[in-house]
Amino acid sequence: MAAYDVTVPRIIQPATPSAHADRVESARVTKKPWISRRRKREIRRAIAAILMRAFGPTLVRALSMTWKTEAFGIENVSPVSQADAATANATARGCLLAAWHGRMLVGVAFGRKRNWSVLVSPSGDGEITERMLRALGYRVVRGSSSGGGARAVREMLTELRAGGVVAITPDGPRGPRHAMNPGVAWMSRATGFPVVPVGMVTNRAWHLSSWDSFTIPKPFARVALVFGEPIQVAREVTESELESATELIREHIFDCERRAFAHVGASEDW
């Protein structure tokens, strides 16, 4: 009988990952970043503070010198000036200015010449803003329009009673953009001083990709500031009336911006 070689076919099983491979893949998926998000924010804030302190004021001054700035309704800010009060035995009239957070830089050159104060949030970002403002000649009150504490109110009262101006950004420091809580109206009720809505716009600008679409006027841009009529919130208003006053202030800020945009010949950028 002839002999035959019988070759048994080898059955190839599908490859299965080894336990070691499983551990490697699992480690790859669950590996934590070497630096936390919170730490990254702290580092960015520290770097920004250094850069702003070193170069910010100089850059802002140089850039703002190229702008053509016009102001309308400035008489609404202080019906009786400190000089007039000294000679006529009148009382200098302080006020709270209300403008959107994203417009801060637009009016910074105009306000710093008048020794105004600015309410700055007590947050970490507020520290950067405070350094910048002080370097530009502003006075700073630390607090917020949604609850700055008794000390902030006392500091504002000192400024206001001396006929000073305190600028507030009612949608700051976190937004949403153009959203207002009753803080500004509450401050008017608590201090007895009026709120002057302000529209600050420009015809040519860069807009940052931040929550407030922060506006930076370009070199040689036209800048218009429109100050609306003062809005006084009486001490006896109720909480519901406080909300109505808040909405009234909001609408007047928008109206001032519309008038300012019309003056510089540009469309609203909301």
# chains A, B, ... in the order shown; residues from 1 in each chain; ligands from 1
call {"tool": "closest_atom_pairs", "arguments": {"of": "region 227-259 of chain A", "to": "region 152-173 of chain A", "cutoff": "10 Å", "atoms": "only C-alpha atoms", "output": "Markdown table"}}
result
| residue | atom | partner | partner_atom | distance |
| --- | --- | --- | --- | --- |
| A:Thr246 | CA | A:Pro170 | CA | 9.6 |
| A:Ile249 | CA | A:Pro170 | CA | 9.7 |
| A:Arg250 | CA | A:Pro170 | CA | 8.8 |
call {"tool": "residues_around", "arguments": {"residues": "Gly107 (chain A)", "least_positions_apart": "2", "cutoff": "10 Å", "atoms": "only C-alpha atoms", "output": "PDB file with C-alpha atoms, in the first residue's frame"}}
result
ATOM      1  CA  SER A  64      -5.658 105.803  21.932  1.00  0.00           C
ATOM      2  CA  THR A  69     -12.871 110.717  20.177  1.00  0.00           C
ATOM      3  CA  ALA A  71     -18.401 112.859  23.480  1.00  0.00           C
ATOM      4  CA  ALA A  99     -21.520 100.738  30.116  1.00  0.00           C
ATOM      5  CA  ARG A 103     -16.558  98.481  25.674  1.00  0.00           C
ATOM      6  CA  MET A 104     -14.165  99.253  28.530  1.00  0.00           C
ATOM      7  CA  LEU A 105     -11.202 100.026  26.313  1.00  0.00           C
ATOM      8  CA  ALA A 109      -8.647 107.431  27.228  1.00  0.00           C
ATOM      9  CA  PHE A 110     -11.583 109.813  27.749  1.00  0.00           C
ATOM     10  CA  GLY A 111     -12.207 108.796  31.353  1.00  0.00           C
ATOM     11  CA  ARG A 112      -8.640 108.747  32.599  1.00  0.00           C
ATOM     12  CA  VAL A 198     -23.246 105.279  28.379  1.00  0.00           C
ATOM     13  CA  GLY A 199     -22.795 104.069  24.809  1.00  0.00           C
ATOM     14  CA  MET A 200     -19.144 103.767  23.757  1.00  0.00           C
ATOM     15  CA  VAL A 201     -18.563 102.633  20.170  1.00  0.00           C
ATOM     16  CA  THR A 202     -16.109 102.857  17.305  1.00  0.00           C
ATOM     17  CA  VAL A 223     -14.786 106.813  18.728  1.00  0.00           C
ATOM     18  CA  ALA A 224     -18.103 108.181  19.979  1.00  0.00           C
ATOM     19  CA  LEU A 225     -19.305 108.314  23.577  1.00  0.00           C
TER      20      LEU A 225
END
call {"tool": "closest_residue", "arguments": {"among": "A:Cys256, A:Val264, A:Met187, A:Val196", "to": "Arg235 (chain A)", "atoms": "only C-alpha atoms"}}
result
A:Met187
call {"tool": "closest_residue", "arguments": {"among": "A:Pro176, A:Pro122, A:Gly228, A:Pro182", "to": "Ser213 (chain A)", "atoms": "only C-alpha atoms"}}
result
A:Pro176
call {"tool": "atom_distance", "arguments": {"atom1": "CA of Gly137 (chain A)", "atom2": "CA of Arg61 (chain A)"}}
result
11.2 Å
